[in-house]
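In what follows, a single structure is set out as structure tokens and then discussed.
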There are 4 protein chains.
Amino acid sequence: MTALENIVNEIAAEMRLRTDRGEVASYIPELAGVHPSAFGLVVIDAEGKVAAAGDCDTPFSIQSISKIFTLTLALGKAGDRLWKRVGREPSGSAFNSIVQLEYERGVPRNPFINAGAIAVTDLILSGHQPREAIGEILRFVQFVADDSTIAIDEAVAASEQRTGFRNTALANYMKSFGVIDNPVHYTLGVYFHHCAIAMSCRQLAMAGRYLAHGGINPATGYSVIQAERARRINAVMLTCGHYDGSGEFAYRVGLPGKSGVGGGIYAVAPGKASIAVWSPGLDANGNSRLGRVALEILAKRTGWSIFGGDRPSA
Amino acid sequence: MTALENIVNEIAAEMRLRTDRGEVASYIPELAGVHPSAFGLVVIDAEGKVAAAGDCDTPFSIQSISKIFTLTLALGKAGDRLWKRVGREPSGSAFNSIVQLEYERGVPRNPFINAGAIAVTDLILSGHQPREAIGEILRFVQFVADDSTIAIDEAVAASEQRTGFRNTALANYMKSFGVIDNPVHYTLGVYFHHCAIAMSCRQLAMAGRYLAHGGINPATGYSVIQAERARRINAVMLTCGHYDGSGEFAYRVGLPGKSGVGGGIYAVAPGKASIAVWSPGLDANGNSRLGRVALEILAKRTGWSIFGGDRPSA
Amino acid sequence: MTALENIVNEIAAEMRLRTDRGEVASYIPELAGVHPSAFGLVVIDAEGKVAAAGDCDTPFSIQSISKIFTLTLALGKAGDRLWKRVGREPSGSAFNSIVQLEYERGVPRNPFINAGAIAVTDLILSGHQPREAIGEILRFVQFVADDSTIAIDEAVAASEQRTGFRNTALANYMKSFGVIDNPVHYTLGVYFHHCAIAMSCRQLAMAGRYLAHGGINPATGYSVIQAERARRINAVMLTCGHYDGSGEFAYRVGLPGKSGVGGGIYAVAPGKASIAVWSPGLDANGNSRLGRVALEILAKRTGWSIFGGDRPSA
Amino acid sequence: MTALENIVNEIAAEMRLRTDRGEVASYIPELAGVHPSAFGLVVIDAEGKVAAAGDCDTPFSIQSISKIFTLTLALGKAGDRLWKRVGREPSGSAFNSIVQLEYERGVPRNPFINAGAIAVTDLILSGHQPREAIGEILRFVQFVADDSTIAIDEAVAASEQRTGFRNTALANYMKSFGVIDNPVHYTLGVYFHHCAIAMSCRQLAMAGRYLAHGGINPATGYSVIQAERARRINAVMLTCGHYDGSGEFAYRVGLPGKSGVGGGIYAVAPGKASIAVWSPGLDANGNSRLGRVALEILAKRTGWSIFGGDRPSA
């Protein structure tokens, strides 16, 4: 067993004993029914070696983690023109706040809060039929993960659509400022579907490898995005990836990451590893509680924090 | 000439030709009188080699950059108890906003906005006379810079005190919630004085070396702070170091940094270098315009971005 | 000619000469096409004598003035239970602000801002088909005006529906907090239709007489609402009837009133008169500019201000 | 006993039995020590007949009720130029909110929230010594009350000054925008002193008579202010006199009024009566709980609501 496998197994064992798991999201039955004690962790290093532990092959709803992939896709399609529609500053408020939109005339602060991700989705849609855009996003995720079995959980998508009044408010509000081009229900249809993509930790860690390695998937050798853009997506993850807990995540973990309300977190150790963790219980900011704890321990034991390793040895 | 010296000299030469310098701060005469074309850049690498260009030995008012040193000092004195007084999330608003204080009952969002830095200063003061606290802060800066000639510009401190109504409002507002312990004018006196410390780029790059090297000043070997705390200060710099331009700085430069309204920026390439740049013209968020541009070029040419280097070569 | 007729005619003549008319609402073509120089004024005193001048029989889009009638109707149907859904405090912000809804968990501040009127409409709808609710509201307006020719301008309703993204955002936002019971597009359908009722100043002054006379229409003798409720609707008009210009209207005019973006204002001199004025140009707060000026002069010349008449004569 | 005396006595008797008195202000010892069961009510009609009940001759701290008198005095001195310094719209937030000041660049919404009253005080001070301005305000109150025994409670003023961090924040914040001319501690010194004026219900009802009678004190015949200005002060009281409970007060009571945290409320029935009530227990908005209830009953039994009396009798 490698040192990394040891660390990953230890962390999974420690997490199994923890009881402070937070609350599983309950706004739709498909999420509410997930077992709170599930835990998975997968780390893929630069050489492609996989260290996996726990429920690492159980698919879960990736939810807002999908925003990494739609941002990558939209930057590829629209280029830096995207940044006219959405900012890249931390929001200083909750994931679904509408206050900032009023003060900044409909332009969301960053692509990782709901409003921003809806604006990014609208750019991907741009005149196509929702079904085509959904297909394009799914195929992109399958491509970066090199796994054509990844699918959308239609029951989740339908539940989101049925209960998504807050997101509908955000989209209509942006539409009133001209920040959304397509019919609102088209854009939201695509948004709700890509949030309903189901993936396991293993699939997610595979999918994100291009972010750890200058925009190239080292397994396939395919270039997904320019190196500079990969870096910049990592920067936006670091400052904005955990809603109003982004500062806390940077402070404790020290890795760029993006959380989803399904309990998953995708994280990057630039140049070193692609990481996915899953624990469904959430903290007050809507981020996986034990997921964050596990990553904090991982960063400490590996010395992967982007903010500096340990002291130079004497 | 080393490769790093070459890069530093090239950047200084390029910056000399730029005309988009932004506006020099004008709220006090001492800052308004600074020549807008001044530019200095100093980079000290892990081995202690110094690459310096431009006005690298001219002292300037470090202003909010002093917040790095007061945070370090306060963490050393009060430990994690400090985080009960101040958060570590980006604020999503301007450096002197009072709105957030009302919604969050007097607790500032992070130690790098004015309110947060005033709360940190109050912790350092804790029962002492202002003059003693000012002396302690100055001696700490002299110690980490290994330079006893560093001094406070008393004219700047006096001007700040005379015009600092907004900061006085922030301090009184926090006091009304019990977040400030000492008499408000004591705390503000110390705050205005440490913001008025004058340093050159060379002195500043020397002073911050412990942040790049796990809390140890590699030149002197002295331990300034625990390695974990150094990392965490870097994390807070990354998410909060440039007010409402922090996301932009992370996106473009990719290094933890802290700006001051005097036109200085201190930045860290963890494990690699301690960096200080100075150009007095500011952008709309109050950050040095060319300072940021210079650091963006530096990070690109050195590959020091913490968010990933270039693609793995074939 | 009576003294009141004289005053009304004089005001109309003075208004005809004014050039500072403000801007006609332009967000839908039906409003944008209204001639800016139109002006009508009708005052009906306690004895039922009508003083009318200008374009007093031209129907215009009453828009938010309809909120008086839906509030009356909803209070009749739901009683004080209505106040669990909507407050009765001035909003301190624009007519379509969504910020307050976030801070107060989806409960609008008063029934005269858009969000509040949508919540009131939802109460009237309560389980019926939209068409039935629209019919009920229209019949109520015809009843209080004693005029069955009053109709809805379907072109206006269709335009509102096509462009009403902000209102759709407000409604969905409230729905996410459970403040809206019916399907959002049902509630909005009814809302857009009652805002599209077209009335002349004469019809409007007739319709509101119950508010001036303790809840009874003195012409027909029919009791529309309890006396206390009529008073209270007047109170809400005074504090909230002109969005973020309500204080200004109270200060200058001193009468309870409700404005609409079509340029109409309905006002009450309690116990004395029912008043309607129309001038399509709007001020920065979205209230009829000359309409307010005309009412200010009227209140001054009649001594009808509810805040006190002239000094006691010696 | 007159009908009015009967009503006043009945109300006092009813209030004596009530147990839902709210909480007495406790931020300074002088207010915290007031007996919660105190209750006074005085009504002076247009002929000068006084109906008084309960603790109607016990002086209490008038606190924010003093803002009526400073507004009257400042309008007399500065005229409508005053409205460049302070608005006249309801604030939609608490009495000591600072949020609005940030969004509206230091200009308070109205003269009856703390920030607005501080700005008005600054106008009265305008270059004089604080002691002179305090004397001028006190003499003005003595003049309108026709009672030279009215005094400032120096212990209250000293306590306010010692604990008034929030007001100090508001004043410094406005100063930073140039809305305050004088040294902040001068302006606040005057403000804290006029809030500390002690008056009985009888003195207060006497003092406000000019507001009920077109600007003239009917007892003395002295003109205090123009009739139009008296009306307008009443209008601002109606829309802004009870902080974020102003709409509620208008809705329930229907009279212009101004509350103070000492438990007093001054109210006007224009043309009919000058009214003062005192009950120290406060509701959540900081307004006297039983004071409001008493005025609601008074307005109902007298038919004095400015929003309409009862139905016309058949």
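Ligands are numbered from 1 in the order shown, chains are lettered A, B, ... in the order of the structure tokens, and residues start at 1 in each chain.
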
For this session: Find the spatial neighbours of range 235-249 of chain A, counting only C-alpha atoms, within a cut-off of 7 Å - ignore same-chain residues fewer than 6 positions away - and output them as a PyMOL selection string.
Result: (chain A and resi 88+90+92-95+112-113+255-259+285+287) or (chain B and resi 88-90+236+239+247+250-251+254+307)

Output C-alpha atoms of each residue in that selection to a file, as a PDB file, in the first residue's frame.
ATOM      1  CA  ARG A  88     -15.347  36.694 -10.184  1.00  0.00           C
ATOM      2  CA  PRO A  90     -16.664  36.310  -3.584  1.00  0.00           C
ATOM      3  CA  GLY A  92     -20.126  37.708   0.920  1.00  0.00           C
ATOM      4  CA  SER A  93     -23.554  36.124   1.174  1.00  0.00           C
ATOM      5  CA  ALA A  94     -25.525  32.902   0.832  1.00  0.00           C
ATOM      6  CA  PHE A  95     -25.581  30.732  -2.283  1.00  0.00           C
ATOM      7  CA  PHE A 112     -20.275  29.434  -8.503  1.00  0.00           C
ATOM      8  CA  ILE A 113     -23.273  30.992  -6.765  1.00  0.00           C
ATOM      9  CA  LEU A 255      -6.935  23.823  -1.733  1.00  0.00           C
ATOM     10  CA  PRO A 256      -9.212  25.088  -4.503  1.00  0.00           C
ATOM     11  CA  GLY A 257     -12.510  23.203  -4.250  1.00  0.00           C
ATOM     12  CA  LYS A 258     -16.164  23.255  -5.140  1.00  0.00           C
ATOM     13  CA  SER A 259     -18.916  21.837  -3.005  1.00  0.00           C
ATOM     14  CA  ASN A 285     -23.287  27.221   4.738  1.00  0.00           C
ATOM     15  CA  ASN A 287     -21.086  22.560   2.400  1.00  0.00           C
TER      16      ASN A 287
ATOM     17  CA  ARG B  88     -12.205  35.143   7.824  1.00  0.00           C
ATOM     18  CA  GLU B  89     -14.627  35.423   4.952  1.00  0.00           C
ATOM     19  CA  PRO B  90     -14.362  37.832   2.033  1.00  0.00           C
ATOM     20  CA  VAL B 236      -6.725  34.993   4.331  1.00  0.00           C
ATOM     21  CA  THR B 239      -9.360  35.511  -0.193  1.00  0.00           C
ATOM     22  CA  GLY B 247     -11.201  37.591  -6.520  1.00  0.00           C
ATOM     23  CA  ALA B 250      -6.460  35.685  -7.276  1.00  0.00           C
ATOM     24  CA  TYR B 251      -7.725  35.212 -10.820  1.00  0.00           C
ATOM     25  CA  GLY B 254      -2.610  33.745  -8.333  1.00  0.00           C
ATOM     26  CA  PHE B 307      -3.130  27.530  -8.874  1.00  0.00           C
TER      27      PHE B 307
END

Problem set entry | Picked from range 16-210 of chain A by DSSP as strand (DSSP E or B), as JSON, numbers by chain | {"A": [23, 24, 40, 41, 42, 43, 44, 45, 50, 51, 52, 53, 54, 60, 61, 151, 152, 197, 198, 199]}

Given the selection you just returned, output its residues as a file containing N, CA and C atoms, formatted as a short mmCIF file (atom, residue, chain, number, x, y, z; two decimals), in the first residue's frame.
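What ended up in out-v1.cif:
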data_model
loop_
_atom_site.label_atom_id
_atom_site.label_comp_id
_atom_site.auth_asym_id
_atom_site.auth_seq_id
_atom_site.Cartn_x
_atom_site.Cartn_y
_atom_site.Cartn_z
N GLU A 23 -26.44 18.12 8.70
CA GLU A 23 -27.77 17.70 8.24
C GLU A 23 -27.77 17.45 6.74
N VAL A 24 -28.37 16.33 6.35
CA VAL A 24 -28.53 16.03 4.92
C VAL A 24 -29.56 17.01 4.33
N GLY A 40 -17.18 8.71 1.02
CA GLY A 40 -16.26 8.23 -0.01
C GLY A 40 -15.14 9.23 -0.22
N LEU A 41 -13.95 8.73 -0.58
CA LEU A 41 -12.80 9.61 -0.82
C LEU A 41 -11.92 8.98 -1.89
N VAL A 42 -11.63 9.75 -2.92
CA VAL A 42 -10.74 9.27 -3.99
C VAL A 42 -9.72 10.35 -4.31
N VAL A 43 -8.45 9.95 -4.35
CA VAL A 43 -7.37 10.86 -4.71
C VAL A 43 -6.60 10.24 -5.87
N ILE A 44 -6.42 11.00 -6.95
CA ILE A 44 -5.65 10.51 -8.09
C ILE A 44 -4.43 11.39 -8.24
N ASP A 45 -3.25 10.80 -8.15
CA ASP A 45 -2.06 11.64 -8.18
C ASP A 45 -1.61 11.94 -9.61
N VAL A 50 -4.51 5.77 -8.25
CA VAL A 50 -5.76 6.07 -7.57
C VAL A 50 -5.73 5.52 -6.16
N ALA A 51 -5.99 6.40 -5.17
CA ALA A 51 -6.18 5.94 -3.80
C ALA A 51 -7.64 6.18 -3.47
N ALA A 52 -8.36 5.11 -3.11
CA ALA A 52 -9.81 5.21 -2.93
C ALA A 52 -10.22 4.52 -1.64
N ALA A 53 -11.24 5.08 -0.97
CA ALA A 53 -11.72 4.45 0.26
C ALA A 53 -13.20 4.74 0.44
N GLY A 54 -13.86 3.91 1.21
CA GLY A 54 -15.27 4.13 1.53
C GLY A 54 -16.17 3.92 0.32
N PHE A 60 -23.59 9.89 -6.50
CA PHE A 60 -24.40 10.85 -5.71
C PHE A 60 -24.67 12.05 -6.61
N SER A 61 -25.59 12.88 -6.17
CA SER A 61 -25.98 14.03 -6.97
C SER A 61 -24.90 15.10 -6.83
N ALA A 151 -24.58 9.61 -15.91
CA ALA A 151 -25.94 9.96 -16.36
C ALA A 151 -26.57 11.00 -15.46
N ILE A 152 -27.64 11.56 -15.96
CA ILE A 152 -28.44 12.50 -15.19
C ILE A 152 -29.52 11.74 -14.43
N ILE A 197 -26.74 15.71 -12.43
CA ILE A 197 -25.80 14.67 -12.85
C ILE A 197 -25.37 13.87 -11.62
N ALA A 198 -25.35 12.55 -11.76
CA ALA A 198 -24.93 11.68 -10.65
C ALA A 198 -23.55 11.11 -10.98
N MET A 199 -22.66 11.20 -10.02
CA MET A 199 -21.30 10.67 -10.22
C MET A 199 -20.79 10.09 -8.90
#

Problem set entry | Within 7 Å of Ala269 in chain A using only C-alpha atoms, minus same-chain residues under 5 positions, as a PyMOL selection string | chain A and resi 212+255+274+304

Next, write the just-selected residues to a file, as a CSV table (one decimal), in the first residue's frame, keeping N, CA and C atoms as the atom set.
chain,number,residue,atom,x,y,z
A,212,ALA,N,-6.0,19.9,-12.4
A,212,ALA,CA,-4.8,19.7,-11.6
A,212,ALA,C,-3.5,19.8,-12.5
A,255,LEU,N,-6.9,24.3,-0.4
A,255,LEU,CA,-6.9,23.8,-1.7
A,255,LEU,C,-8.1,24.4,-2.5
A,274,SER,N,-5.9,15.2,-8.1
A,274,SER,CA,-7.3,15.5,-8.3
A,274,SER,C,-8.1,14.7,-7.2
A,304,TRP,N,0.0,19.4,1.0
A,304,TRP,CA,-0.4,19.9,-0.3
A,304,TRP,C,-1.0,21.3,-0.3

For this session: Can you list, as an MDAnalysis selection string, all residues belonging to range 40-225 of chain B that DSSP tags as alpha helix (DSSP H)?
Result: chainID B and resid 66:78 99:103 114:125 130:145 154:163 165:176 184:195 201:207 209:212

Take the residues from that selection and write them out as a tab-separated table (two decimals), in the first residue's frame, keeping C-alpha atoms.
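Listing of out_22.tsv after writing:
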chain	number	residue	atom	x	y	z
B	66	SER	CA	0.57	46.74	8.11
B	67	LYS	CA	-2.51	44.55	8.72
B	68	ILE	CA	-0.42	41.48	7.88
B	69	PHE	CA	1.98	42.26	10.68
B	70	THR	CA	-0.68	43.17	13.24
B	71	LEU	CA	-2.55	39.95	12.42
B	72	THR	CA	0.65	37.96	12.90
B	73	LEU	CA	1.39	39.71	16.17
B	74	ALA	CA	-2.17	39.36	17.48
B	75	LEU	CA	-2.31	35.66	16.61
B	76	GLY	CA	0.91	35.22	18.54
B	77	LYS	CA	-0.52	37.03	21.55
B	78	ALA	CA	-4.17	35.96	21.55
B	99	VAL	CA	-23.32	47.64	6.21
B	100	GLN	CA	-21.93	44.20	6.96
B	101	LEU	CA	-21.23	45.22	10.56
B	102	GLU	CA	-24.92	45.96	11.07
B	103	TYR	CA	-26.06	42.62	9.66
B	114	ASN	CA	-10.59	48.35	8.08
B	115	ALA	CA	-13.10	47.23	10.71
B	116	GLY	CA	-11.36	43.89	11.10
B	117	ALA	CA	-7.94	45.44	11.39
B	118	ILE	CA	-9.22	47.86	14.03
B	119	ALA	CA	-10.58	44.88	16.02
B	120	VAL	CA	-7.19	43.14	15.71
B	121	THR	CA	-5.41	46.32	16.85
B	122	ASP	CA	-7.72	46.45	19.86
B	123	LEU	CA	-6.59	42.94	20.82
B	124	ILE	CA	-2.93	43.95	20.62
B	125	LEU	CA	-3.61	47.03	22.74
B	130	PRO	CA	-1.39	53.31	23.10
B	131	ARG	CA	2.24	54.40	22.99
B	132	GLU	CA	3.38	50.99	24.26
B	133	ALA	CA	1.28	49.15	21.68
B	134	ILE	CA	2.55	51.36	18.87
B	135	GLY	CA	6.08	50.65	20.01
B	136	GLU	CA	5.44	46.93	20.17
B	137	ILE	CA	4.06	46.84	16.62
B	138	LEU	CA	6.92	48.92	15.24
B	139	ARG	CA	9.51	46.77	16.98
B	140	PHE	CA	7.86	43.65	15.58
B	141	VAL	CA	8.06	45.01	12.04
B	142	GLN	CA	11.70	46.02	12.60
B	143	PHE	CA	12.37	42.51	13.93
B	144	VAL	CA	10.84	40.59	11.01
B	145	ALA	CA	12.51	42.98	8.54
B	154	GLU	CA	4.11	60.93	12.20
B	155	ALA	CA	2.72	63.43	9.69
B	156	VAL	CA	0.75	60.63	8.02
B	157	ALA	CA	-0.51	59.37	11.39
B	158	ALA	CA	-1.64	62.87	12.35
B	159	SER	CA	-3.43	63.37	9.04
B	160	GLU	CA	-5.20	60.03	9.32
B	161	GLN	CA	-6.32	60.88	12.82
B	162	ARG	CA	-7.63	64.26	11.72
B	163	THR	CA	-9.65	62.91	8.78
B	165	PHE	CA	-14.23	59.87	10.49
B	166	ARG	CA	-15.18	56.69	8.68
B	167	ASN	CA	-12.79	54.60	10.73
B	168	THR	CA	-14.02	56.34	13.87
B	169	ALA	CA	-17.54	55.39	12.87
B	170	LEU	CA	-16.51	51.76	12.34
B	171	ALA	CA	-14.74	51.60	15.71
B	172	ASN	CA	-17.62	53.16	17.63
B	173	TYR	CA	-20.06	50.88	15.87
B	174	MET	CA	-18.09	47.81	16.91
B	175	LYS	CA	-17.73	49.23	20.41
B	176	SER	CA	-21.53	49.41	20.63
B	184	VAL	CA	-12.12	53.95	20.98
B	185	HIS	CA	-9.63	56.77	20.61
B	186	TYR	CA	-6.88	54.60	22.11
B	187	THR	CA	-7.51	51.80	19.64
B	188	LEU	CA	-7.77	54.20	16.72
B	189	GLY	CA	-4.60	55.97	17.79
B	190	VAL	CA	-2.68	52.70	17.54
B	191	TYR	CA	-4.41	51.81	14.27
B	192	PHE	CA	-3.61	55.12	12.60
B	193	HIS	CA	0.00	54.84	13.69
B	194	HIS	CA	0.68	51.35	12.39
B	195	CYS	CA	-0.93	52.28	9.07
B	201	CYS	CA	9.99	47.58	-1.16
B	202	ARG	CA	13.25	46.07	-0.01
B	203	GLN	CA	12.33	46.37	3.66
B	204	LEU	CA	8.86	45.01	3.01
B	205	ALA	CA	10.08	42.00	1.04
B	206	MET	CA	12.51	41.27	3.85
B	207	ALA	CA	9.83	41.63	6.52
B	209	ARG	CA	9.84	36.30	4.37
B	210	TYR	CA	8.42	34.27	7.27
B	211	LEU	CA	5.13	34.01	5.37
B	212	ALA	CA	6.86	32.38	2.41

If we count only C-alpha atoms and set the cut-off at 7 Å, which residues sit around Gly286 in chain B, ignoring sequence neighbours fewer than 3 positions away in its own chain? Please answer as a tab-separated table (two decimals) with C-alpha atoms, in the first residue's frame.
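Written out: around00.tsv:
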chain	number	residue	atom	x	y	z
B	261	VAL	CA	-3.74	52.61	-0.28
B	282	LEU	CA	-4.87	53.03	-7.50
B	283	ASP	CA	-7.72	51.26	-9.28

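Straight-line separation from CA of Glu296 in chain C to CA of Pro111 in chain D: 22.0 Å.
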
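Checking C:Ile265, C:Gly308, C:Met15, C:Val179 one by one against Arg292 in chain C, counting only C-alpha atoms, you find the shortest gap at C:Ile265.
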
Problem set entry | Best match for closeness to chain B among A:Gln226, A:Ser64, A:Ser97, A:Asn234, counting only C-alpha atoms | A:Asn234

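Reported to one decimal place, the separation of CA of Leu298 in chain B from CA of Glu10 in chain B is 9.7 Å.
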
Exercise. Between CA of Arg229 in chain D and CA of Gly303 in chain C, what is the spacing in Å?
Worked result: 14.0 Å
